[in-house]
Amino acid sequence: EYDPAADTWKALAPIPGKRCSAIAESVNGKIYLMGGIEPFENGKGSRITGKNQMYDPATNTWTSRSQMPTSRNHAFAGAVNGKIYVIGGRLAAGMIPFSSNTDVVEEYDTATDTWSIVKQRMPTPRSGGGVATFNGRIYVGGGEWISRDLMASFRALEVYEPATDSWTVLPALPGSVHGNAM
């Protein structure tokens, strides 16, 4: 926990299990950590995970929640009206031989701990880009594609509107980006 007034850090309850490339969203004062890559039990290699864990800052505790239907890493996510939308991402834990992207959009209801049916798929399947939520819409920009023959970054900028379960393709970013923040 970072205290900007004092410019100090304080250790809190650790995440149950090592994980990287997950997404995190905050809803009603709780933080939800979903997906990512975790090490095998023997420490040799890694796998993608659909884990969904909730951190409660008030009690400094972690609780396991309903697992994501589509395990993935480097996904995009946004929280709108108490629901978390997990968008796109990678379906493999590395680049060898390749790591395919998905266009799947899944909705998680934090109040009922349930996942809905798959929503309208994203126009450009990708992973590892920027995401921002504004006025009930989730903006997805940039990202990457990795296949056996190609590694590429995107200029695509698209917005998902949960209220209508629809996507709009916006004018492209000025340049291709990967690992960008929005």
# chains A, B, ... in the order shown; residues from 1 in each chain; ligands from 1
$ residues_around --residues "stretch 18-33 of chain A" --least-positions-apart "4" --cutoff "7 Å" --atoms "only C-alpha atoms" --output "tab-separated table (two decimals) with C-alpha atoms, in the first residue's frame"
chain	number	residue	atom	x	y	z
A	37	ILE	CA	0.32	-16.74	-16.03
A	38	GLU	CA	1.31	-18.92	-13.06
A	52	ASN	CA	-10.33	-14.87	-10.06
A	53	GLN	CA	-9.35	-13.57	-6.64
A	54	MET	CA	-10.84	-10.67	-4.69
A	55	TYR	CA	-8.82	-8.49	-2.34
A	56	ASP	CA	-10.67	-6.60	0.41
A	57	PRO	CA	-8.56	-3.66	1.66
A	73	ASN	CA	-3.27	-13.43	-19.96
A	74	HIS	CA	-2.44	-9.92	-21.23
A	75	ALA	CA	-6.20	-9.25	-21.55
A	77	ALA	CA	-10.62	-5.19	-18.77
A	78	GLY	CA	-13.00	-2.50	-17.62
A	79	ALA	CA	-15.53	-2.15	-14.79
A	82	GLY	CA	-20.60	-3.33	-10.83
$ residues_around --residues "A:Thr164" --least-positions-apart "4" --cutoff "12 Å" --atoms "only C-alpha atoms" --output "VMD selection string"
chain A and resid 119 to 120 136 to 137 159 to 160 168
$ write_last_selection --atoms "C-alpha atoms" --output "PDB file, in the first residue's frame"
ATOM      1  CA  LYS A 119     -20.774 -10.947 -25.241  1.00  0.00           C
ATOM      2  CA  GLN A 120     -20.256  -9.336 -28.662  1.00  0.00           C
ATOM      3  CA  GLY A 136     -19.695   3.568 -19.198  1.00  0.00           C
ATOM      4  CA  ARG A 137     -17.607   2.633 -22.242  1.00  0.00           C
ATOM      5  CA  VAL A 159     -14.764   1.082 -27.878  1.00  0.00           C
ATOM      6  CA  TYR A 160     -17.097  -1.447 -26.225  1.00  0.00           C
ATOM      7  CA  THR A 168     -17.494   0.893 -32.457  1.00  0.00           C
TER       8      THR A 168
END
$ residues_around --residues "A:Tyr108" --least-positions-apart "3" --cutoff "6 Å" --atoms "only C-alpha atoms" --output "PyMOL selection string"
chain A and resi 83-84+114-115
$ residues_around --residues "A:Gly88" --least-positions-apart "6" --cutoff "12 Å" --atoms "only C-alpha atoms" --output "PDB file with N, CA, C and O atoms, in the first residue's frame"
ATOM      1  N   ILE A  23      -5.080  -9.213 -15.061  1.00  0.00           N
ATOM      2  CA  ILE A  23      -5.754  -7.915 -15.085  1.00  0.00           C
ATOM      3  C   ILE A  23      -6.330  -7.677 -13.697  1.00  0.00           C
ATOM      4  O   ILE A  23      -6.580  -8.625 -12.937  1.00  0.00           O
ATOM      5  N   GLY A  35      -7.100 -13.999 -14.213  1.00  0.00           N
ATOM      6  CA  GLY A  35      -6.269 -14.536 -15.281  1.00  0.00           C
ATOM      7  C   GLY A  35      -4.791 -14.382 -15.014  1.00  0.00           C
ATOM      8  O   GLY A  35      -4.353 -14.217 -13.890  1.00  0.00           O
ATOM      9  N   THR A  70     -12.849 -18.354 -19.831  1.00  0.00           N
ATOM     10  CA  THR A  70     -11.753 -18.436 -20.799  1.00  0.00           C
ATOM     11  C   THR A  70     -10.468 -17.982 -20.109  1.00  0.00           C
ATOM     12  O   THR A  70     -10.283 -16.794 -19.856  1.00  0.00           O
ATOM     13  N   SER A  71      -9.602 -18.949 -19.798  1.00  0.00           N
ATOM     14  CA  SER A  71      -8.313 -18.612 -19.189  1.00  0.00           C
ATOM     15  C   SER A  71      -7.494 -17.833 -20.192  1.00  0.00           C
ATOM     16  O   SER A  71      -7.444 -18.189 -21.368  1.00  0.00           O
ATOM     17  N   ARG A  72      -6.832 -16.755 -19.724  1.00  0.00           N
ATOM     18  CA  ARG A  72      -6.014 -15.934 -20.615  1.00  0.00           C
ATOM     19  C   ARG A  72      -5.115 -15.002 -19.832  1.00  0.00           C
ATOM     20  O   ARG A  72      -5.286 -14.817 -18.643  1.00  0.00           O
ATOM     21  N   ASN A  73      -4.180 -14.409 -20.543  1.00  0.00           N
ATOM     22  CA  ASN A  73      -3.270 -13.426 -19.961  1.00  0.00           C
ATOM     23  C   ASN A  73      -3.173 -12.236 -20.899  1.00  0.00           C
ATOM     24  O   ASN A  73      -3.638 -12.300 -22.034  1.00  0.00           O
ATOM     25  N   HIS A  74      -2.582 -11.144 -20.425  1.00  0.00           N
ATOM     26  CA  HIS A  74      -2.440  -9.922 -21.229  1.00  0.00           C
ATOM     27  C   HIS A  74      -3.770  -9.465 -21.821  1.00  0.00           C
ATOM     28  O   HIS A  74      -3.817  -8.950 -22.936  1.00  0.00           O
ATOM     29  N   ALA A  75      -4.866  -9.656 -21.091  1.00  0.00           N
ATOM     30  CA  ALA A  75      -6.195  -9.251 -21.555  1.00  0.00           C
ATOM     31  C   ALA A  75      -6.429  -7.767 -21.269  1.00  0.00           C
ATOM     32  O   ALA A  75      -5.626  -7.102 -20.611  1.00  0.00           O
ATOM     33  N   PHE A  76      -7.537  -7.271 -21.750  1.00  0.00           N
ATOM     34  CA  PHE A  76      -8.022  -5.921 -21.459  1.00  0.00           C
ATOM     35  C   PHE A  76      -9.194  -6.082 -20.503  1.00  0.00           C
ATOM     36  O   PHE A  76      -9.879  -7.105 -20.526  1.00  0.00           O
ATOM     37  N   ALA A  77      -9.465  -5.094 -19.665  1.00  0.00           N
ATOM     38  CA  ALA A  77     -10.615  -5.188 -18.768  1.00  0.00           C
ATOM     39  C   ALA A  77     -11.113  -3.803 -18.400  1.00  0.00           C
ATOM     40  O   ALA A  77     -10.350  -2.836 -18.385  1.00  0.00           O
ATOM     41  N   GLY A  78     -12.399  -3.739 -18.091  1.00  0.00           N
ATOM     42  CA  GLY A  78     -13.003  -2.501 -17.618  1.00  0.00           C
ATOM     43  C   GLY A  78     -14.160  -2.824 -16.700  1.00  0.00           C
ATOM     44  O   GLY A  78     -14.810  -3.861 -16.863  1.00  0.00           O
ATOM     45  N   SER A 100      -1.627 -17.532 -29.385  1.00  0.00           N
ATOM     46  CA  SER A 100      -2.756 -16.985 -30.132  1.00  0.00           C
ATOM     47  C   SER A 100      -3.605 -16.041 -29.281  1.00  0.00           C
ATOM     48  O   SER A 100      -3.740 -16.206 -28.079  1.00  0.00           O
ATOM     49  N   ASN A 101      -4.148 -15.033 -29.937  1.00  0.00           N
ATOM     50  CA  ASN A 101      -5.026 -14.074 -29.284  1.00  0.00           C
ATOM     51  C   ASN A 101      -6.475 -14.501 -29.428  1.00  0.00           C
ATOM     52  O   ASN A 101      -6.817 -15.282 -30.312  1.00  0.00           O
ATOM     53  N   THR A 102      -7.322 -13.944 -28.580  1.00  0.00           N
ATOM     54  CA  THR A 102      -8.751 -14.223 -28.650  1.00  0.00           C
ATOM     55  C   THR A 102      -9.517 -12.917 -28.775  1.00  0.00           C
ATOM     56  O   THR A 102      -9.014 -11.858 -28.403  1.00  0.00           O
ATOM     57  N   ASP A 103     -10.738 -13.011 -29.278  1.00  0.00           N
ATOM     58  CA  ASP A 103     -11.639 -11.868 -29.388  1.00  0.00           C
ATOM     59  C   ASP A 103     -12.794 -11.969 -28.391  1.00  0.00           C
ATOM     60  O   ASP A 103     -13.733 -11.193 -28.423  1.00  0.00           O
ATOM     61  N   VAL A 104     -12.725 -12.928 -27.481  1.00  0.00           N
ATOM     62  CA  VAL A 104     -13.805 -13.197 -26.533  1.00  0.00           C
ATOM     63  C   VAL A 104     -13.973 -12.053 -25.524  1.00  0.00           C
ATOM     64  O   VAL A 104     -12.995 -11.522 -25.007  1.00  0.00           O
ATOM     65  N   VAL A 105     -15.237 -11.704 -25.260  1.00  0.00           N
ATOM     66  CA  VAL A 105     -15.601 -10.713 -24.244  1.00  0.00           C
ATOM     67  C   VAL A 105     -16.521 -11.413 -23.250  1.00  0.00           C
ATOM     68  O   VAL A 105     -17.564 -11.942 -23.627  1.00  0.00           O
ATOM     69  N   GLU A 106     -16.108 -11.433 -21.963  1.00  0.00           N
ATOM     70  CA  GLU A 106     -16.910 -12.079 -20.929  1.00  0.00           C
ATOM     71  C   GLU A 106     -17.227 -11.080 -19.823  1.00  0.00           C
ATOM     72  O   GLU A 106     -16.396 -10.245 -19.467  1.00  0.00           O
ATOM     73  N   VAL A 118     -21.039 -15.355 -23.455  1.00  0.00           N
ATOM     74  CA  VAL A 118     -20.073 -14.531 -24.175  1.00  0.00           C
ATOM     75  C   VAL A 118     -20.797 -13.351 -24.805  1.00  0.00           C
ATOM     76  O   VAL A 118     -21.869 -13.488 -25.384  1.00  0.00           O
ATOM     77  N   LYS A 119     -20.223 -12.184 -24.679  1.00  0.00           N
ATOM     78  CA  LYS A 119     -20.774 -10.947 -25.241  1.00  0.00           C
ATOM     79  C   LYS A 119     -20.291 -10.772 -26.685  1.00  0.00           C
ATOM     80  O   LYS A 119     -19.564 -11.608 -27.209  1.00  0.00           O
ATOM     81  N   GLN A 120     -20.682  -9.642 -27.293  1.00  0.00           N
ATOM     82  CA  GLN A 120     -20.256  -9.336 -28.662  1.00  0.00           C
ATOM     83  C   GLN A 120     -18.731  -9.361 -28.727  1.00  0.00           C
ATOM     84  O   GLN A 120     -18.071  -8.687 -27.951  1.00  0.00           O
ATOM     85  N   ARG A 121     -18.180 -10.130 -29.634  1.00  0.00           N
ATOM     86  CA  ARG A 121     -16.723 -10.279 -29.733  1.00  0.00           C
ATOM     87  C   ARG A 121     -16.061  -8.993 -30.224  1.00  0.00           C
ATOM     88  O   ARG A 121     -16.662  -8.230 -30.973  1.00  0.00           O
ATOM     89  N   MET A 122     -14.820  -8.774 -29.781  1.00  0.00           N
ATOM     90  CA  MET A 122     -14.100  -7.564 -30.182  1.00  0.00           C
ATOM     91  C   MET A 122     -13.746  -7.625 -31.668  1.00  0.00           C
ATOM     92  O   MET A 122     -13.505  -8.710 -32.210  1.00  0.00           O
ATOM     93  N   PRO A 123     -13.736  -6.480 -32.359  1.00  0.00           N
ATOM     94  CA  PRO A 123     -13.454  -6.473 -33.791  1.00  0.00           C
ATOM     95  C   PRO A 123     -12.049  -6.957 -34.158  1.00  0.00           C
ATOM     96  O   PRO A 123     -11.864  -7.589 -35.189  1.00  0.00           O
ATOM     97  N   THR A 124     -11.045  -6.657 -33.322  1.00  0.00           N
ATOM     98  CA  THR A 124      -9.665  -7.008 -33.625  1.00  0.00           C
ATOM     99  C   THR A 124      -9.083  -7.829 -32.480  1.00  0.00           C
ATOM    100  O   THR A 124      -8.723  -7.271 -31.445  1.00  0.00           O
ATOM    101  N   PRO A 125      -9.008  -9.172 -32.617  1.00  0.00           N
ATOM    102  CA  PRO A 125      -8.428  -9.990 -31.545  1.00  0.00           C
ATOM    103  C   PRO A 125      -6.991  -9.575 -31.276  1.00  0.00           C
ATOM    104  O   PRO A 125      -6.199  -9.463 -32.207  1.00  0.00           O
ATOM    105  N   ARG A 126      -6.674  -9.314 -30.013  1.00  0.00           N
ATOM    106  CA  ARG A 126      -5.309  -8.912 -29.667  1.00  0.00           C
ATOM    107  C   ARG A 126      -5.097  -8.986 -28.169  1.00  0.00           C
ATOM    108  O   ARG A 126      -6.017  -9.247 -27.410  1.00  0.00           O
ATOM    109  N   SER A 127      -3.855  -8.700 -27.770  1.00  0.00           N
ATOM    110  CA  SER A 127      -3.479  -8.754 -26.358  1.00  0.00           C
ATOM    111  C   SER A 127      -2.451  -7.661 -26.087  1.00  0.00           C
ATOM    112  O   SER A 127      -1.878  -7.093 -27.004  1.00  0.00           O
ATOM    113  N   GLY A 128      -2.229  -7.384 -24.807  1.00  0.00           N
ATOM    114  CA  GLY A 128      -1.128  -6.535 -24.397  1.00  0.00           C
ATOM    115  C   GLY A 128      -1.177  -5.088 -24.834  1.00  0.00           C
ATOM    116  O   GLY A 128      -0.143  -4.491 -25.073  1.00  0.00           O
ATOM    117  N   GLY A 129      -2.358  -4.507 -24.932  1.00  0.00           N
ATOM    118  CA  GLY A 129      -2.471  -3.101 -25.307  1.00  0.00           C
ATOM    119  C   GLY A 129      -2.985  -2.266 -24.150  1.00  0.00           C
ATOM    120  O   GLY A 129      -2.965  -2.689 -22.998  1.00  0.00           O
ATOM    121  N   GLY A 130      -3.459  -1.081 -24.475  1.00  0.00           N
ATOM    122  CA  GLY A 130      -3.981  -0.168 -23.464  1.00  0.00           C
ATOM    123  C   GLY A 130      -5.490  -0.239 -23.372  1.00  0.00           C
ATOM    124  O   GLY A 130      -6.178  -0.577 -24.338  1.00  0.00           O
ATOM    125  N   VAL A 131      -6.006   0.102 -22.175  1.00  0.00           N
ATOM    126  CA  VAL A 131      -7.453   0.098 -21.966  1.00  0.00           C
ATOM    127  C   VAL A 131      -7.810   1.204 -20.982  1.00  0.00           C
ATOM    128  O   VAL A 131      -7.040   1.506 -20.068  1.00  0.00           O
ATOM    129  N   VAL A 140     -10.292   0.294 -26.043  1.00  0.00           N
ATOM    130  CA  VAL A 140      -9.177  -0.637 -26.212  1.00  0.00           C
ATOM    131  C   VAL A 140      -8.309  -0.116 -27.353  1.00  0.00           C
ATOM    132  O   VAL A 140      -8.802   0.084 -28.469  1.00  0.00           O
ATOM    133  N   GLY A 141      -7.016   0.114 -27.071  1.00  0.00           N
ATOM    134  CA  GLY A 141      -6.134   0.648 -28.101  1.00  0.00           C
ATOM    135  C   GLY A 141      -4.802  -0.065 -28.162  1.00  0.00           C
ATOM    136  O   GLY A 141      -4.253  -0.468 -27.143  1.00  0.00           O
ATOM    137  N   GLY A 143      -1.941  -2.892 -28.894  1.00  0.00           N
ATOM    138  CA  GLY A 143      -1.870  -4.315 -28.583  1.00  0.00           C
ATOM    139  C   GLY A 143      -0.957  -5.036 -29.552  1.00  0.00           C
ATOM    140  O   GLY A 143      -0.289  -4.423 -30.382  1.00  0.00           O
ATOM    141  N   GLU A 144      -0.952  -6.361 -29.442  1.00  0.00           N
ATOM    142  CA  GLU A 144      -0.064  -7.140 -30.304  1.00  0.00           C
ATOM    143  C   GLU A 144      -0.710  -8.424 -30.783  1.00  0.00           C
ATOM    144  O   GLU A 144      -1.692  -8.892 -30.216  1.00  0.00           O
ATOM    145  N   TRP A 145      -0.113  -8.961 -31.820  1.00  0.00           N
ATOM    146  CA  TRP A 145      -0.479 -10.255 -32.386  1.00  0.00           C
ATOM    147  C   TRP A 145       0.795 -11.074 -32.476  1.00  0.00           C
ATOM    148  O   TRP A 145       1.821 -10.583 -32.940  1.00  0.00           O
ATOM    149  N   TYR A 160     -16.009  -0.518 -26.546  1.00  0.00           N
ATOM    150  CA  TYR A 160     -17.097  -1.447 -26.225  1.00  0.00           C
ATOM    151  C   TYR A 160     -18.093  -0.739 -25.324  1.00  0.00           C
ATOM    152  O   TYR A 160     -17.705  -0.104 -24.341  1.00  0.00           O
TER     153      TYR A 160
END
$ closest_residue --among "A:Ala5, A:Leu157, A:Val80, A:Met151" --to "A:Thr110" --atoms "only C-alpha atoms"
A:Val80
$ select_by_dssp --residues "chain A" --states "strand (DSSP E)" --output "PyMOL selection string"
chain A and resi 2-3+8-9+23-27+30-34+37-39+46-48+52-56+61-64+76-80+83-87+105-109+114-115+130-134+137-141+144-146+151-153+157-161+166-170
$ closest_residue --among "A:His178, A:Asn60, A:Ile48, A:Pro162" --to "A:Glu1" --atoms "only C-alpha atoms"
A:Asn60
$ closest_residue --among "A:Phe154, A:Gly179, A:Asn81, A:Trp167" --to "A:Asn135" --atoms "only C-alpha atoms"
A:Asn81
$ atom_distance --atom1 "atom CA of A:Asp113" --atom2 "atom CA of A:Gly17"
20.8 Å
$ atom_distance --atom1 "atom CA of A:Ala132" --atom2 "atom CA of A:Pro174"
17.5 Å
$ atom_distance --atom1 "atom CA of A:Ala6" --atom2 "atom CA of A:Thr59"
22.1 Å
$ decode --residues "stretch 129-140 of chain A" --atoms "all heavy atoms" --output "mmCIF file, in the first residue's frame"
data_model
loop_
_atom_site.group_PDB
_atom_site.id
_atom_site.type_symbol
_atom_site.label_atom_id
_atom_site.label_comp_id
_atom_site.auth_asym_id
_atom_site.auth_seq_id
_atom_site.Cartn_x
_atom_site.Cartn_y
_atom_site.Cartn_z
ATOM 1 N N GLY A 129 -2.358 -4.507 -24.932
ATOM 2 C CA GLY A 129 -2.471 -3.101 -25.307
ATOM 3 C C GLY A 129 -2.985 -2.266 -24.150
ATOM 4 O O GLY A 129 -2.965 -2.689 -22.998
ATOM 5 N N GLY A 130 -3.459 -1.081 -24.475
ATOM 6 C CA GLY A 130 -3.981 -0.168 -23.464
ATOM 7 C C GLY A 130 -5.490 -0.239 -23.372
ATOM 8 O O GLY A 130 -6.178 -0.577 -24.338
ATOM 9 N N VAL A 131 -6.006 0.102 -22.175
ATOM 10 C CA VAL A 131 -7.453 0.098 -21.966
ATOM 11 C C VAL A 131 -7.810 1.204 -20.982
ATOM 12 O O VAL A 131 -7.040 1.506 -20.068
ATOM 13 C CB VAL A 131 -7.943 -1.295 -21.455
ATOM 14 C CG1 VAL A 131 -7.333 -1.642 -20.116
ATOM 15 C CG2 VAL A 131 -9.452 -1.377 -21.402
ATOM 16 N N ALA A 132 -8.952 1.828 -21.209
ATOM 17 C CA ALA A 132 -9.450 2.868 -20.305
ATOM 18 C C ALA A 132 -10.972 2.824 -20.311
ATOM 19 O O ALA A 132 -11.594 2.533 -21.339
ATOM 20 C CB ALA A 132 -8.966 4.239 -20.744
ATOM 21 N N THR A 133 -11.573 3.098 -19.162
ATOM 22 C CA THR A 133 -13.032 3.137 -19.048
ATOM 23 C C THR A 133 -13.444 4.583 -18.790
ATOM 24 O O THR A 133 -12.899 5.241 -17.901
ATOM 25 C CB THR A 133 -13.510 2.226 -17.904
ATOM 26 O OG1 THR A 133 -13.034 0.895 -18.158
ATOM 27 C CG2 THR A 133 -15.019 2.198 -17.810
ATOM 28 N N PHE A 134 -14.435 5.047 -19.574
ATOM 29 C CA PHE A 134 -14.919 6.418 -19.437
ATOM 30 C C PHE A 134 -16.384 6.475 -19.843
ATOM 31 O O PHE A 134 -16.763 5.958 -20.899
ATOM 32 C CB PHE A 134 -14.080 7.357 -20.318
ATOM 33 C CG PHE A 134 -14.505 8.793 -20.250
ATOM 34 C CD1 PHE A 134 -14.272 9.536 -19.102
ATOM 35 C CD2 PHE A 134 -15.141 9.395 -21.320
ATOM 36 C CE1 PHE A 134 -14.670 10.865 -19.022
ATOM 37 C CE2 PHE A 134 -15.536 10.719 -21.260
ATOM 38 C CZ PHE A 134 -15.307 11.462 -20.118
ATOM 39 N N ASN A 135 -17.216 7.071 -18.988
ATOM 40 C CA ASN A 135 -18.652 7.236 -19.260
ATOM 41 C C ASN A 135 -19.343 5.926 -19.659
ATOM 42 O O ASN A 135 -20.126 5.887 -20.603
ATOM 43 C CB ASN A 135 -18.884 8.292 -20.343
ATOM 44 C CG ASN A 135 -18.786 9.692 -19.793
ATOM 45 O OD1 ASN A 135 -18.809 9.904 -18.581
ATOM 46 N ND2 ASN A 135 -18.663 10.669 -20.679
ATOM 47 N N GLY A 136 -19.029 4.846 -18.956
ATOM 48 C CA GLY A 136 -19.695 3.568 -19.198
ATOM 49 C C GLY A 136 -19.247 2.845 -20.448
ATOM 50 O O GLY A 136 -19.896 1.892 -20.881
ATOM 51 N N ARG A 137 -18.150 3.272 -21.050
ATOM 52 C CA ARG A 137 -17.607 2.633 -22.242
ATOM 53 C C ARG A 137 -16.166 2.212 -21.982
ATOM 54 O O ARG A 137 -15.452 2.860 -21.237
ATOM 55 C CB ARG A 137 -17.653 3.593 -23.421
ATOM 56 C CG ARG A 137 -19.058 4.062 -23.712
ATOM 57 C CD ARG A 137 -19.032 5.284 -24.587
ATOM 58 N NE ARG A 137 -19.551 4.923 -25.893
ATOM 59 C CZ ARG A 137 -19.407 5.660 -26.970
ATOM 60 N NH1 ARG A 137 -18.737 6.785 -26.915
ATOM 61 N NH2 ARG A 137 -19.931 5.281 -28.106
ATOM 62 N N ILE A 138 -15.749 1.137 -22.634
ATOM 63 C CA ILE A 138 -14.400 0.608 -22.452
ATOM 64 C C ILE A 138 -13.634 0.770 -23.768
ATOM 65 O O ILE A 138 -14.016 0.186 -24.791
ATOM 66 C CB ILE A 138 -14.446 -0.871 -22.013
ATOM 67 C CG1 ILE A 138 -15.296 -1.016 -20.743
ATOM 68 C CG2 ILE A 138 -13.021 -1.412 -21.804
ATOM 69 C CD1 ILE A 138 -15.669 -2.438 -20.407
ATOM 70 N N TYR A 139 -12.565 1.570 -23.721
ATOM 71 C CA TYR A 139 -11.740 1.857 -24.889
ATOM 72 C C TYR A 139 -10.531 0.930 -24.907
ATOM 73 O O TYR A 139 -9.828 0.815 -23.905
ATOM 74 C CB TYR A 139 -11.269 3.310 -24.856
ATOM 75 C CG TYR A 139 -12.400 4.299 -25.004
ATOM 76 C CD1 TYR A 139 -13.215 4.618 -23.912
ATOM 77 C CD2 TYR A 139 -12.663 4.899 -26.226
ATOM 78 C CE1 TYR A 139 -14.265 5.513 -24.039
ATOM 79 C CE2 TYR A 139 -13.714 5.801 -26.367
ATOM 80 C CZ TYR A 139 -14.513 6.104 -25.270
ATOM 81 O OH TYR A 139 -15.552 6.989 -25.403
ATOM 82 N N VAL A 140 -10.292 0.294 -26.043
ATOM 83 C CA VAL A 140 -9.177 -0.637 -26.212
ATOM 84 C C VAL A 140 -8.309 -0.116 -27.353
ATOM 85 O O VAL A 140 -8.802 0.084 -28.469
ATOM 86 C CB VAL A 140 -9.697 -2.053 -26.533
ATOM 87 C CG1 VAL A 140 -8.544 -3.009 -26.800
ATOM 88 C CG2 VAL A 140 -10.584 -2.570 -25.407
#
